[in-house]
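Have a look at protein.txt; it's compact mmCIF, C-alpha atoms and all ligand atoms:
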```txt
# COMPACT_ATOMS: atom_id res chain seq x y z
CA MET P 1 -12.02 7.24 20.18
CA GLN P 2 -13.29 3.83 19.08
CA PHE P 3 -16.56 3.66 17.08
CA THR P 4 -18.85 0.68 16.62
CA ASN P 5 -19.44 -0.62 13.09
CA GLU P 6 -22.94 0.90 13.14
CA GLU P 7 -21.53 4.33 14.06
CA LEU P 8 -18.85 4.00 11.39
CA LYS P 9 -21.45 3.07 8.76
CA GLU P 10 -23.46 6.15 9.63
CA LYS P 11 -20.41 8.40 9.38
CA ILE P 12 -19.40 6.79 6.08
CA ASN P 13 -22.87 7.27 4.59
CA LYS P 14 -22.91 10.95 5.63
CA LEU P 15 -19.52 11.56 3.99
CA LYS P 16 -20.65 9.67 0.88
CA GLU P 17 -23.54 12.11 0.49
CA LYS P 18 -21.22 15.10 0.83
CA LEU P 19 -18.26 14.01 -1.34
CA SER P 20 -17.87 12.98 -4.99
CA VAL P 21 -16.74 9.45 -4.15
CA THR P 22 -17.47 5.90 -5.26
CA LEU P 23 -16.72 3.12 -2.79
CA VAL P 24 -15.44 -0.04 -4.45
CA ALA P 25 -14.82 -3.43 -2.79
CA HIS P 26 -13.57 -6.80 -4.02
CA PHE P 27 -15.58 -9.91 -3.09
CA TYR P 28 -12.84 -11.00 -0.66
CA GLN P 29 -13.25 -7.96 1.58
CA ARG P 30 -14.62 -8.22 5.12
CA ASP P 31 -18.45 -8.21 5.18
CA GLU P 32 -18.76 -4.80 6.83
CA VAL P 33 -16.48 -3.20 4.19
CA PHE P 34 -18.27 -5.04 1.38
CA ASP P 35 -21.67 -3.83 2.67
CA VAL P 36 -20.91 -0.10 2.41
CA ALA P 37 -19.51 -0.33 -1.15
CA ASP P 38 -21.29 1.13 -4.20
CA ILE P 39 -19.55 -1.24 -6.60
CA THR P 40 -18.55 -4.82 -5.73
CA GLY P 41 -17.19 -7.56 -7.95
CA ASP P 42 -14.20 -9.60 -9.03
CA SER P 43 -11.06 -7.99 -10.39
CA LEU P 44 -12.30 -7.81 -14.00
CA GLU P 45 -15.72 -6.37 -13.13
CA LEU P 46 -14.14 -3.78 -10.83
CA ALA P 47 -11.65 -2.68 -13.51
CA ILE P 48 -14.46 -2.20 -16.04
CA ARG P 49 -17.13 -0.68 -13.81
CA THR P 50 -14.87 1.86 -12.08
CA ARG P 51 -13.58 3.00 -15.49
CA ASP P 52 -17.14 3.91 -16.44
CA ASP P 53 -17.93 5.68 -13.15
CA ASP P 54 -17.69 9.47 -12.96
CA ALA P 55 -17.08 10.36 -9.30
CA GLU P 56 -13.90 12.37 -8.65
CA PHE P 57 -12.53 9.88 -6.08
CA VAL P 58 -12.51 6.08 -6.23
CA VAL P 59 -12.07 4.65 -2.72
CA PHE P 60 -10.84 1.16 -3.47
CA SER P 61 -10.96 -1.57 -0.81
CA GLY P 62 -8.88 -4.40 -2.21
CA VAL P 63 -5.21 -5.00 -2.89
CA GLY P 64 -2.69 -2.64 -4.48
CA PHE P 65 -2.68 -3.96 -8.05
CA MET P 66 -6.46 -3.45 -8.27
CA GLY P 67 -6.31 0.23 -7.25
CA GLN P 68 -3.35 0.71 -9.60
CA SER P 69 -5.31 -0.82 -12.49
CA VAL P 70 -8.11 1.73 -11.97
CA LYS P 71 -5.58 4.57 -11.97
CA VAL P 72 -3.86 3.20 -15.09
CA LEU P 73 -7.13 2.89 -16.99
CA SER P 74 -8.50 6.27 -15.81
CA PRO P 75 -5.52 8.53 -15.02
CA HIS P 76 -7.79 11.56 -14.53
CA LYS P 77 -9.44 9.86 -11.52
CA ARG P 78 -8.12 10.16 -8.00
CA VAL P 79 -7.77 6.67 -6.56
CA VAL P 80 -7.27 6.17 -2.84
CA MET P 81 -6.96 2.91 -0.93
CA PRO P 82 -8.08 2.63 2.71
CA LYS P 83 -5.14 0.20 3.15
CA ALA P 84 -2.19 0.01 0.79
CA ALA P 85 -2.27 -3.82 1.01
CA CYS P 86 -0.18 -5.84 -1.44
CA CYS P 87 -1.32 -9.21 -2.84
CA ALA P 88 1.34 -11.78 -1.89
CA MET P 89 1.34 -13.27 -5.40
CA ALA P 90 1.75 -9.87 -7.09
CA LYS P 91 4.74 -9.30 -4.83
CA MET P 92 6.45 -12.43 -6.16
CA ILE P 93 7.35 -10.75 -9.44
CA ASP P 94 8.96 -7.38 -10.11
CA SER P 95 10.71 -5.79 -13.10
CA ILE P 96 14.00 -7.59 -12.40
CA TYR P 97 12.42 -11.06 -12.09
CA TYR P 98 10.39 -10.34 -15.21
CA ASP P 99 13.54 -9.49 -17.20
CA GLU P 100 15.23 -12.63 -15.84
CA SER P 101 12.29 -14.74 -17.05
CA VAL P 102 12.60 -13.29 -20.56
CA LYS P 103 16.36 -13.91 -20.45
CA PHE P 104 15.79 -17.53 -19.37
CA MET P 105 13.76 -18.06 -22.54
CA GLN P 106 16.34 -16.27 -24.69
CA ASP P 107 19.13 -18.39 -23.17
CA ASN P 108 17.16 -21.42 -24.33
CA GLY P 109 17.09 -20.27 -27.94
CA ILE P 110 13.77 -18.33 -28.03
CA SER P 111 14.26 -14.83 -29.41
CA LYS P 112 12.53 -11.88 -27.73
CA GLU P 113 10.42 -11.34 -30.88
CA ASN P 114 9.07 -14.85 -30.48
CA ILE P 115 7.91 -14.40 -26.90
CA LEU P 116 4.37 -13.19 -26.20
CA PRO P 117 4.04 -12.28 -22.51
CA ILE P 118 0.75 -12.45 -20.62
CA THR P 119 0.47 -11.21 -17.08
CA TYR P 120 -2.29 -12.13 -14.68
CA ILE P 121 -3.91 -8.92 -13.40
CA ASN P 122 -2.39 -9.83 -10.00
CA SER P 123 0.88 -8.03 -10.80
CA ASN P 124 2.13 -4.48 -10.27
CA ALA P 125 1.84 -1.75 -12.92
CA GLU P 126 5.57 -1.92 -13.78
CA VAL P 127 5.29 -5.59 -14.79
CA LYS P 128 2.11 -4.86 -16.77
CA ALA P 129 4.01 -2.07 -18.55
CA GLN P 130 6.91 -4.40 -19.45
CA VAL P 131 4.39 -6.89 -20.82
CA GLY P 132 2.62 -4.16 -22.81
CA GLU P 133 5.90 -2.91 -24.27
CA MET P 134 6.70 -6.43 -25.51
CA GLY P 135 3.33 -6.65 -27.31
CA GLY P 136 1.61 -8.66 -24.59
CA MET P 137 -1.49 -8.23 -22.49
CA VAL P 138 -3.15 -8.72 -19.13
CA CYS P 139 -5.64 -11.45 -18.23
CA THR P 140 -7.83 -12.24 -15.23
CA SER P 141 -8.99 -15.64 -14.05
CA SER P 142 -12.33 -15.08 -15.84
CA ASN P 143 -10.85 -14.43 -19.27
CA ALA P 144 -7.47 -16.22 -19.22
CA LYS P 145 -8.62 -18.88 -21.69
CA THR P 146 -9.88 -16.31 -24.23
CA ILE P 147 -6.67 -14.28 -23.89
CA ILE P 148 -4.44 -17.32 -24.35
CA THR P 149 -6.49 -18.53 -27.33
CA THR P 150 -6.01 -15.13 -28.99
CA ALA P 151 -2.33 -14.99 -28.08
CA LEU P 152 -1.64 -18.43 -29.58
CA LYS P 153 -2.83 -17.16 -32.97
CA GLU P 154 0.39 -15.11 -33.16
CA GLY P 155 2.32 -18.39 -33.24
CA LYS P 156 4.66 -17.30 -30.44
CA LYS P 157 5.81 -18.91 -27.22
CA ILE P 158 3.76 -17.63 -24.27
CA LEU P 159 5.45 -16.38 -21.12
CA PHE P 160 2.78 -16.43 -18.40
CA VAL P 161 3.45 -14.48 -15.17
CA PRO P 162 3.19 -14.61 -12.18
CA ASP P 163 0.74 -17.45 -11.32
CA ARG P 164 2.07 -20.87 -12.26
CA CYS P 165 -1.22 -22.54 -11.23
CA LEU P 166 -3.47 -20.41 -13.45
CA GLY P 167 -1.05 -20.83 -16.36
CA GLN P 168 -0.85 -24.61 -15.95
CA ASN P 169 -4.59 -25.03 -15.35
CA ILE P 170 -5.49 -23.16 -18.54
CA ALA P 171 -2.84 -25.11 -20.47
CA ASN P 172 -4.34 -28.38 -19.17
CA GLN P 173 -7.90 -27.27 -20.07
CA MET P 174 -6.77 -26.40 -23.60
CA GLY P 175 -4.62 -29.52 -24.10
CA LEU P 176 -1.43 -27.43 -24.32
CA LYS P 177 2.04 -28.23 -22.96
CA SER P 178 3.33 -26.07 -20.13
CA CYS P 179 6.30 -25.86 -17.78
CA VAL P 180 7.32 -23.81 -14.78
CA ILE P 181 10.60 -21.89 -14.91
CA GLY P 182 13.07 -23.85 -12.81
CA ASP P 183 11.45 -27.29 -13.19
CA GLY P 184 14.17 -28.40 -15.61
CA THR P 185 12.00 -28.44 -18.75
CA ASN P 186 13.42 -26.84 -21.89
CA PRO P 187 10.97 -23.94 -22.63
CA SER P 188 11.24 -24.51 -26.37
CA GLU P 189 9.42 -27.84 -25.88
CA VAL P 190 6.22 -26.31 -24.45
CA ASP P 191 3.51 -23.83 -25.50
CA ILE P 192 3.25 -21.89 -22.22
CA VAL P 193 6.18 -21.08 -19.96
CA CYS P 194 4.94 -20.17 -16.46
CA TYR P 195 6.68 -18.07 -13.87
CA ASN P 196 6.93 -19.78 -10.48
CA GLY P 197 4.51 -17.55 -8.51
CA PHE P 198 1.46 -18.70 -6.57
CA CYS P 199 -1.27 -17.62 -4.18
CA SER P 200 -0.58 -18.82 -0.64
CA VAL P 201 -4.32 -18.75 0.19
CA HIS P 202 -5.31 -21.03 -2.70
CA GLN P 203 -2.48 -23.46 -1.84
CA LEU P 204 -4.35 -24.27 1.39
CA PHE P 205 -6.80 -26.61 -0.40
CA THR P 206 -5.59 -30.21 -0.52
CA LEU P 207 -6.60 -33.54 -2.05
CA ASP P 208 -7.25 -34.74 1.53
CA ASP P 209 -9.89 -31.99 1.88
CA ILE P 210 -11.61 -33.23 -1.29
CA VAL P 211 -11.51 -36.85 -0.08
CA PHE P 212 -12.88 -35.76 3.31
CA TYR P 213 -15.88 -33.87 1.88
CA ARG P 214 -16.72 -36.53 -0.72
CA LYS P 215 -16.70 -39.20 2.00
CA LYS P 216 -18.68 -37.11 4.50
CA TYR P 217 -21.32 -35.91 2.00
CA PRO P 218 -21.72 -38.37 -0.91
CA GLY P 219 -22.89 -36.46 -3.99
CA ILE P 220 -21.28 -33.18 -2.88
CA LEU P 221 -19.77 -31.04 -5.66
CA ILE P 222 -16.30 -29.53 -5.42
CA ALA P 223 -15.83 -26.07 -6.96
CA VAL P 224 -12.46 -24.28 -6.91
CA HIS P 225 -10.65 -21.17 -8.19
CA PRO P 226 -7.97 -21.71 -10.88
CA GLU P 227 -5.30 -20.33 -8.52
CA CYS P 228 -5.49 -23.76 -6.82
CA ASP P 229 -2.86 -26.36 -7.68
CA PRO P 230 -3.56 -28.28 -10.94
CA SER P 231 -3.97 -31.52 -8.93
CA ILE P 232 -6.86 -29.88 -7.02
CA CYS P 233 -8.47 -28.45 -10.16
CA ASP P 234 -8.22 -31.82 -11.93
CA ALA P 235 -10.01 -33.52 -9.00
CA SER P 236 -12.82 -30.92 -8.85
CA ASP P 237 -16.24 -30.75 -10.52
CA PHE P 238 -15.98 -27.06 -11.43
CA VAL P 239 -13.11 -24.58 -11.82
CA GLY P 240 -13.95 -20.90 -12.18
CA SER P 241 -13.04 -17.32 -11.34
CA THR P 242 -14.68 -15.54 -8.41
CA SER P 243 -17.75 -14.42 -10.40
CA GLN P 244 -18.02 -17.75 -12.21
CA LEU P 245 -17.96 -19.56 -8.84
CA ILE P 246 -20.71 -17.32 -7.44
CA LYS P 247 -22.88 -17.90 -10.52
CA TYR P 248 -22.29 -21.67 -10.45
CA ILE P 249 -23.06 -21.97 -6.72
CA THR P 250 -26.13 -19.72 -6.65
CA GLU P 251 -27.66 -21.57 -9.60
CA LEU P 252 -27.38 -25.00 -7.90
CA PRO P 253 -30.58 -26.55 -6.51
CA GLU P 254 -31.17 -25.54 -2.84
CA ASP P 255 -30.35 -29.00 -1.50
CA GLN P 256 -27.18 -29.56 -3.56
CA LYS P 257 -24.14 -29.51 -1.26
CA VAL P 258 -20.97 -27.87 -2.58
CA ALA P 259 -17.51 -27.42 -1.05
CA VAL P 260 -15.69 -24.37 -2.38
CA GLY P 261 -11.94 -23.82 -2.65
CA THR P 262 -11.47 -20.08 -2.55
CA GLU P 263 -11.22 -17.18 -0.11
CA PHE P 264 -13.16 -17.51 3.14
CA ASN P 265 -15.08 -14.18 3.24
CA MET P 266 -16.61 -14.81 -0.16
CA VAL P 267 -17.61 -18.42 0.53
CA ASN P 268 -18.94 -17.50 3.95
CA ARG P 269 -21.32 -14.97 2.36
CA LEU P 270 -22.86 -17.80 0.28
CA ARG P 271 -23.26 -20.12 3.27
CA ASP P 272 -27.07 -20.42 3.18
CA LYS P 273 -26.88 -22.65 0.10
CA ASN P 274 -25.46 -25.89 1.56
CA THR P 275 -22.08 -24.37 0.87
CA PHE P 276 -18.89 -25.36 2.72
CA VAL P 277 -15.34 -24.03 2.73
CA LEU P 278 -13.12 -26.76 1.26
CA SER P 279 -10.58 -26.63 4.06
CA SER P 280 -9.97 -27.50 7.67
CA THR P 281 -8.28 -24.08 7.94
CA LYS P 282 -9.86 -20.63 7.58
CA PRO P 283 -8.55 -19.59 4.16
CA GLU P 284 -8.70 -15.82 4.60
CA CYS P 285 -6.55 -13.64 2.37
CA PRO P 286 -4.44 -11.76 4.93
CA THR P 287 -3.90 -8.73 2.71
CA MET P 288 -7.54 -8.44 1.61
CA ASN P 289 -8.49 -8.59 5.30
CA GLU P 290 -6.21 -5.71 6.24
CA THR P 291 -8.86 -3.13 5.29
CA THR P 292 -11.25 -2.33 8.15
CA LEU P 293 -14.40 -0.22 8.23
CA GLU P 294 -12.49 2.33 10.29
CA ASP P 295 -9.90 2.59 7.48
CA VAL P 296 -12.71 3.33 5.02
CA TYR P 297 -14.08 6.04 7.30
CA LEU P 298 -10.63 7.60 7.91
CA THR P 299 -9.98 7.64 4.15
CA LEU P 300 -13.25 9.45 3.46
CA LYS P 301 -12.49 11.86 6.29
CA SER P 302 -9.04 12.53 4.80
CA ILE P 303 -10.70 13.43 1.47
CA ASP P 304 -13.08 15.73 3.31
CA ASP P 305 -10.10 17.32 5.10
CA GLY P 306 -8.40 17.95 1.74
CA GLU P 307 -5.47 15.59 2.42
CA PRO P 308 -6.39 12.19 0.92
CA LEU P 309 -4.62 9.20 2.46
CA ASN P 310 -2.88 6.51 0.38
CA GLU P 311 -3.49 8.08 -3.02
CA ILE P 312 -2.26 5.96 -5.95
CA PHE P 313 0.15 7.55 -8.46
CA VAL P 314 1.69 5.86 -11.50
CA ASP P 315 4.49 7.47 -13.54
CA ALA P 316 3.69 8.44 -17.14
CA LYS P 317 5.75 5.73 -18.93
CA THR P 318 4.45 2.92 -16.74
CA GLN P 319 0.92 4.25 -17.10
CA LYS P 320 1.15 4.36 -20.90
CA TRP P 321 2.34 0.76 -21.40
CA ALA P 322 0.35 -0.79 -18.54
CA LYS P 323 -2.77 0.83 -20.03
CA ILE P 324 -1.99 -0.65 -23.42
CA ALA P 325 -1.63 -4.13 -21.83
CA LEU P 326 -4.92 -3.72 -19.93
CA GLU P 327 -6.79 -2.32 -22.93
CA ARG P 328 -5.65 -5.18 -25.15
CA MET P 329 -7.43 -7.44 -22.65
CA LEU P 330 -10.55 -5.26 -22.45
CA ALA P 331 -10.79 -5.13 -26.24
CA LEU P 332 -11.26 -8.90 -26.22
P1 LIG P 401 -10.64 -12.58 -9.31
O1 LIG P 401 -10.00 -12.19 -10.62
O2 LIG P 401 -11.42 -13.83 -9.42
O3 LIG P 401 -11.33 -11.45 -8.68
O4 LIG P 401 -9.44 -13.00 -8.36
C1 LIG P 401 -8.54 -12.11 -7.84
C2 LIG P 401 -7.77 -12.77 -6.80
O5 LIG P 401 -6.91 -12.19 -6.22
C3 LIG P 401 -8.09 -14.16 -6.50
O6 LIG P 401 -7.28 -14.62 -5.50
FE1 LIG P 402 -3.46 -12.26 -3.83
FE2 LIG P 402 -4.13 -14.74 -3.15
FE3 LIG P 402 -5.07 -12.69 -1.76
FE4 LIG P 402 -5.94 -13.16 -4.25
S1 LIG P 402 -6.22 -14.45 -2.44
S2 LIG P 402 -5.36 -11.17 -3.39
S3 LIG P 402 -4.03 -13.91 -5.21
S4 LIG P 402 -2.89 -13.31 -1.94
```
This structure in structure tokens:
Amino acid sequence: MQFTNEELKEKINKLKEKLSVTLVAHFYQRDEVFDVADITGDSLELAIRTRDDDAEFVVFSGVGFMGQSVKVLSPHKRVVMPKAACCAMAKMIDSIYYDESVKFMQDNGISKENILPITYINSNAEVKAQVGEMGGMVCTSSNAKTIITTALKEGKKILFVPDRCLGQNIANQMGLKSCVIGDGTNPSEVDIVCYNGFCSVHQLFTLDDIVFYRKKYPGILIAVHPECDPSICDASDFVGSTSQLIKYITELPEDQKVAVGTEFNMVNRLRDKNTFVLSSTKPECPTMNETTLEDVYLTLKSIDDGEPLNEIFVDAKTQKWAKIALERMLAL
């Protein structure tokens, strides 16, 4: 039987009262899923706030690596995901590709002891564990600069996985040299060696879009996420993580127009503030959009029935090292 969103909301709220659950949703979730959540935020805020929450079950509407990070940080919690959706960028690197990236650096004369790996939080727990075991740490788009600044103090070569755009954008901001594995550059000549992963959603924003908006609305500001190509970030007025973008946009004067280069659901929620999506397409994240309100309801019902759907499990060794990599980030 098909329920309306209003009926589903009512059922969800009833189950929330009955069960020891906290509903968590990333900013990119559909509005109706976002609206029923107890905790919302970007990936860093969600990792921190769910760690400090004491419900038995975390019902996480987002993508796989986010639910995994909660489980890694709080192994005693039961984490379930209404949809086991996988971020396309996180899928671009696995343990084998990670090892090959380390080998590429070794083949170019950089010893393993002289490599400090940093993984963007958009990666699976196995990659985070490999990074942790090599003395490295995790970063998010809100703290990447701080993490890289700290890492550089060790005087090692940084291997940054999986997002080449975030790695290059931070390197550009800090006046550092970077390369992308496979672009022909010798890694020993740069400070940051980036893996060749990317977010397909944030590649949708183009220089033509920026030219179009600046011509149509003289004085408009362009604000983008650092997963956009470096050419887009260089041409923008502001580059920031999800939370930083929200803060920047909501603090602008009412009449200031701004075109934003990030996921559609989030920008659409800020629409009342002269805010435009910096694209002629609808840049929705397909995997973030997989979770529906019905999925949230069915997940709560499965907990109530004693057979939770899509529960996240991480093996002990992966959990140990991935936690170390995440905690090194949180300590900063
Ligand atoms: P945030 O770290 O800004 O939440 O970004 C996560 C993400 O997947 C952006 O595409
Ligand atoms: Fe992954 Fe891109 Fe979606 Fe973010 S927007 S979850 S990086 S695919």
Could you list, with a cut-off of 12 Å and counting all atoms listed in the file, the residues of chain P near ligand LIG 402 (chain P), each shown with its nearest atom pair and the distance in Å rounded to one decimal, rows sorted by chain and ascending number, as a Markdown table?
```
| residue | atom | partner | partner_atom | distance |
| --- | --- | --- | --- | --- |
| P:His26 | CA | P:LIG402 | S2 | 9.3 |
| P:Phe27 | CA | P:LIG402 | FE4 | 10.2 |
| P:Tyr28 | CA | P:LIG402 | S1 | 7.7 |
| P:Gln29 | CA | P:LIG402 | S2 | 9.9 |
| P:Asp42 | CA | P:LIG402 | FE4 | 10.2 |
| P:Ser43 | CA | P:LIG402 | FE4 | 9.5 |
| P:Ser61 | CA | P:LIG402 | S2 | 11.4 |
| P:Gly62 | CA | P:LIG402 | S2 | 7.7 |
| P:Val63 | CA | P:LIG402 | S2 | 6.2 |
| P:Gly64 | CA | P:LIG402 | S2 | 9.0 |
| P:Phe65 | CA | P:LIG402 | S2 | 9.0 |
| P:Met66 | CA | P:LIG402 | S2 | 9.2 |
| P:Ala85 | CA | P:LIG402 | S2 | 9.1 |
| P:Cys86 | CA | P:LIG402 | FE1 | 7.6 |
| P:Cys87 | CA | P:LIG402 | FE1 | 3.9 |
| P:Ala88 | CA | P:LIG402 | S4 | 4.5 |
| P:Met89 | CA | P:LIG402 | FE1 | 5.2 |
| P:Ala90 | CA | P:LIG402 | FE1 | 6.6 |
| P:Lys91 | CA | P:LIG402 | FE1 | 8.8 |
| P:Met92 | CA | P:LIG402 | FE1 | 10.2 |
| P:Tyr120 | CA | P:LIG402 | S3 | 9.8 |
| P:Ile121 | CA | P:LIG402 | S3 | 9.6 |
| P:Asn122 | CA | P:LIG402 | S3 | 6.5 |
| P:Ser123 | CA | P:LIG402 | FE1 | 9.2 |
| P:Asn124 | CA | P:LIG402 | FE1 | 11.5 |
| P:Thr140 | CA | P:LIG402 | S3 | 10.8 |
| P:Ser141 | CA | P:LIG402 | S3 | 10.3 |
| P:Pro162 | CA | P:LIG402 | S3 | 10.1 |
| P:Asp163 | CA | P:LIG402 | S3 | 8.5 |
| P:Arg164 | CA | P:LIG402 | S3 | 11.6 |
| P:Cys165 | CA | P:LIG402 | S3 | 10.9 |
| P:Leu166 | CA | P:LIG402 | S3 | 10.5 |
| P:Gly197 | CA | P:LIG402 | S3 | 9.9 |
| P:Phe198 | CA | P:LIG402 | S3 | 7.4 |
| P:Cys199 | CA | P:LIG402 | FE2 | 4.2 |
| P:Ser200 | CA | P:LIG402 | FE2 | 6.0 |
| P:Val201 | CA | P:LIG402 | FE2 | 5.2 |
| P:His202 | CA | P:LIG402 | FE2 | 6.4 |
| P:Gln203 | CA | P:LIG402 | FE2 | 9.0 |
| P:Leu204 | CA | P:LIG402 | FE2 | 10.6 |
| P:His225 | CA | P:LIG402 | S1 | 9.9 |
| P:Pro226 | CA | P:LIG402 | S3 | 10.4 |
| P:Glu227 | CA | P:LIG402 | S3 | 7.3 |
| P:Cys228 | CA | P:LIG402 | FE2 | 9.8 |
| P:Ser241 | CA | P:LIG402 | FE4 | 10.9 |
| P:Thr242 | CA | P:LIG402 | FE4 | 10.0 |
| P:Gly261 | CA | P:LIG402 | S1 | 11.0 |
| P:Thr262 | CA | P:LIG402 | S1 | 7.7 |
| P:Glu263 | CA | P:LIG402 | S1 | 6.2 |
| P:Phe264 | CA | P:LIG402 | S1 | 9.4 |
| P:Asn265 | CA | P:LIG402 | S1 | 10.5 |
| P:Met266 | CA | P:LIG402 | S1 | 10.6 |
| P:Pro283 | CA | P:LIG402 | S1 | 8.7 |
| P:Glu284 | CA | P:LIG402 | S1 | 7.6 |
| P:Cys285 | CA | P:LIG402 | FE3 | 4.5 |
| P:Pro286 | CA | P:LIG402 | FE3 | 6.8 |
| P:Thr287 | CA | P:LIG402 | FE3 | 6.1 |
| P:Met288 | CA | P:LIG402 | FE3 | 6.0 |
| P:Asn289 | CA | P:LIG402 | FE3 | 8.9 |
| P:Glu290 | CA | P:LIG402 | FE3 | 10.7 |
```
*Pick the closest to ligand LIG 401 (chain P) from P:Val127, P:Val72, P:Met105, P:Leu44: which is it, counting all atoms listed in the file?*
P:Leu44
*Give the answer as one residue: which of P:Glu133, P:Glu10, P:Asp54, P:Glu45 has the shortest atom-to-atom distance to ligand LIG 401 (chain P), using all atoms listed in the file?*
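Ranked by minimum distance to ligand LIG 401 (chain P), first place goes to P:Glu45.
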Enclose all atoms of ligand LIG 401 (chain P) listed in the file in an axis-aligned box, grow every side by 5 Å, and hand back centre and edge lengths in Å to one decimal, as lines of an AutoDock Vina configuration file.
```
center_x = -9.2
center_y = -13.0
center_z = -8.1
size_x = 14.5
size_y = 13.2
size_z = 15.1
```
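Distances here use all atoms listed in the file; by that measure, the residue among P:Asn310, P:Asn186, P:Thr299, P:Ser178 closest to Lys11 (chain P) is P:Thr299.
Checking P:Glu254, P:Asp209, P:Glu100, P:Glu32 one by one against Thr275 (chain P), counting all atoms listed in the file, you find the shortest gap at P:Glu254.
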_My list of candidates is P:Leu159, P:Pro117, P:Tyr195, P:Gly67. Which is closest to Ala84 (chain P) when distances are computed with all atoms listed in the file?_
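Checking each candidate against Ala84 (chain P), we get P:Gly67 as the closest.
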*Gap from CA of Leu207 (chain P) to CA of Pro187 (chain P) - Å, one decimal*: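 Those two atoms sit 28.7 Å apart.
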What lies within 12 Å of Ala325 (chain P) using all atoms listed in the file, ignoring chain neighbours under 4 positions off, as a PDB file with C-alpha atoms, keeping the file's coordinate frame?
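Writing the result to around-v4.pdb gives the following:
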```pdb
ATOM      1  CA  SER P  69      -5.310  -0.820 -12.490  1.00  0.00           C
ATOM      2  CA  VAL P  72      -3.860   3.200 -15.090  1.00  0.00           C
ATOM      3  CA  LEU P  73      -7.130   2.890 -16.990  1.00  0.00           C
ATOM      4  CA  LEU P 116       4.370 -13.190 -26.200  1.00  0.00           C
ATOM      5  CA  PRO P 117       4.040 -12.280 -22.510  1.00  0.00           C
ATOM      6  CA  ILE P 118       0.750 -12.450 -20.620  1.00  0.00           C
ATOM      7  CA  THR P 119       0.470 -11.210 -17.080  1.00  0.00           C
ATOM      8  CA  TYR P 120      -2.290 -12.130 -14.680  1.00  0.00           C
ATOM      9  CA  ILE P 121      -3.910  -8.920 -13.400  1.00  0.00           C
ATOM     10  CA  SER P 123       0.880  -8.030 -10.800  1.00  0.00           C
ATOM     11  CA  ALA P 125       1.840  -1.750 -12.920  1.00  0.00           C
ATOM     12  CA  GLU P 126       5.570  -1.920 -13.780  1.00  0.00           C
ATOM     13  CA  VAL P 127       5.290  -5.590 -14.790  1.00  0.00           C
ATOM     14  CA  LYS P 128       2.110  -4.860 -16.770  1.00  0.00           C
ATOM     15  CA  ALA P 129       4.010  -2.070 -18.550  1.00  0.00           C
ATOM     16  CA  GLN P 130       6.910  -4.400 -19.450  1.00  0.00           C
ATOM     17  CA  VAL P 131       4.390  -6.890 -20.820  1.00  0.00           C
ATOM     18  CA  GLY P 132       2.620  -4.160 -22.810  1.00  0.00           C
ATOM     19  CA  GLU P 133       5.900  -2.910 -24.270  1.00  0.00           C
ATOM     20  CA  MET P 134       6.700  -6.430 -25.510  1.00  0.00           C
ATOM     21  CA  GLY P 135       3.330  -6.650 -27.310  1.00  0.00           C
ATOM     22  CA  GLY P 136       1.610  -8.660 -24.590  1.00  0.00           C
ATOM     23  CA  MET P 137      -1.490  -8.230 -22.490  1.00  0.00           C
ATOM     24  CA  VAL P 138      -3.150  -8.720 -19.130  1.00  0.00           C
ATOM     25  CA  CYS P 139      -5.640 -11.450 -18.230  1.00  0.00           C
ATOM     26  CA  ILE P 147      -6.670 -14.280 -23.890  1.00  0.00           C
ATOM     27  CA  THR P 318       4.450   2.920 -16.740  1.00  0.00           C
ATOM     28  CA  GLN P 319       0.920   4.250 -17.100  1.00  0.00           C
ATOM     29  CA  LYS P 320       1.150   4.360 -20.900  1.00  0.00           C
ATOM     30  CA  TRP P 321       2.340   0.760 -21.400  1.00  0.00           C
ATOM     31  CA  MET P 329      -7.430  -7.440 -22.650  1.00  0.00           C
ATOM     32  CA  LEU P 330     -10.550  -5.260 -22.450  1.00  0.00           C
ATOM     33  CA  ALA P 331     -10.790  -5.130 -26.240  1.00  0.00           C
ATOM     34  CA  LEU P 332     -11.260  -8.900 -26.220  1.00  0.00           C
TER      35      LEU P 332
END
```
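Taking all atoms listed in the file into account, Val277 (chain P) lies nearest to P:Thr206 out of the set P:Ile110, P:Thr206, P:Phe313, P:Ser188.
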*Quote the spacing between CA of Lys71 (chain P) and atom O5 of ligand LIG 401 (chain P) in Å to one decimal place.*
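Value for the CA of Lys71 (chain P)-atom O5 of ligand LIG 401 (chain P) distance: 17.8 Å.
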*asked:* So the first atom is CA of Gly240 (chain P) and the second is CA of Pro253 (chain P); what is the distance between them in Å, to one decimal place?
replied: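 CA of Pro253 (chain P) lies at a distance of 18.5 Å from CA of Gly240 (chain P).
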*Contacts of Tyr217 (chain P) at 10 Å or less, counting all atoms listed in the file, minus same-chain residues fewer than 3 places along, as a PyMOL selection string?*
chain P and resi 212-214+220-221+257-259
Could those selected residues go to a file with C-alpha atoms, as a PDB file, keeping the file's coordinate frame?
```pdb
ATOM      1  CA  PHE P 212     -12.880 -35.760   3.310  1.00  0.00           C
ATOM      2  CA  TYR P 213     -15.880 -33.870   1.880  1.00  0.00           C
ATOM      3  CA  ARG P 214     -16.720 -36.530  -0.720  1.00  0.00           C
ATOM      4  CA  ILE P 220     -21.280 -33.180  -2.880  1.00  0.00           C
ATOM      5  CA  LEU P 221     -19.770 -31.040  -5.660  1.00  0.00           C
ATOM      6  CA  LYS P 257     -24.140 -29.510  -1.260  1.00  0.00           C
ATOM      7  CA  VAL P 258     -20.970 -27.870  -2.580  1.00  0.00           C
ATOM      8  CA  ALA P 259     -17.510 -27.420  -1.050  1.00  0.00           C
TER       9      ALA P 259
END
```
*Please identify all polymer residues lying at most 8 Å from the point (-13.5, -26.3, -11.4) (file coordinates), using all atoms listed in the file, and present the result as a list in words.*
Ile222, Ala223, Val224, His225, Pro226, Cys233, Asp234, Ser236, Asp237, Phe238, Val239 and Gly240 of chain P
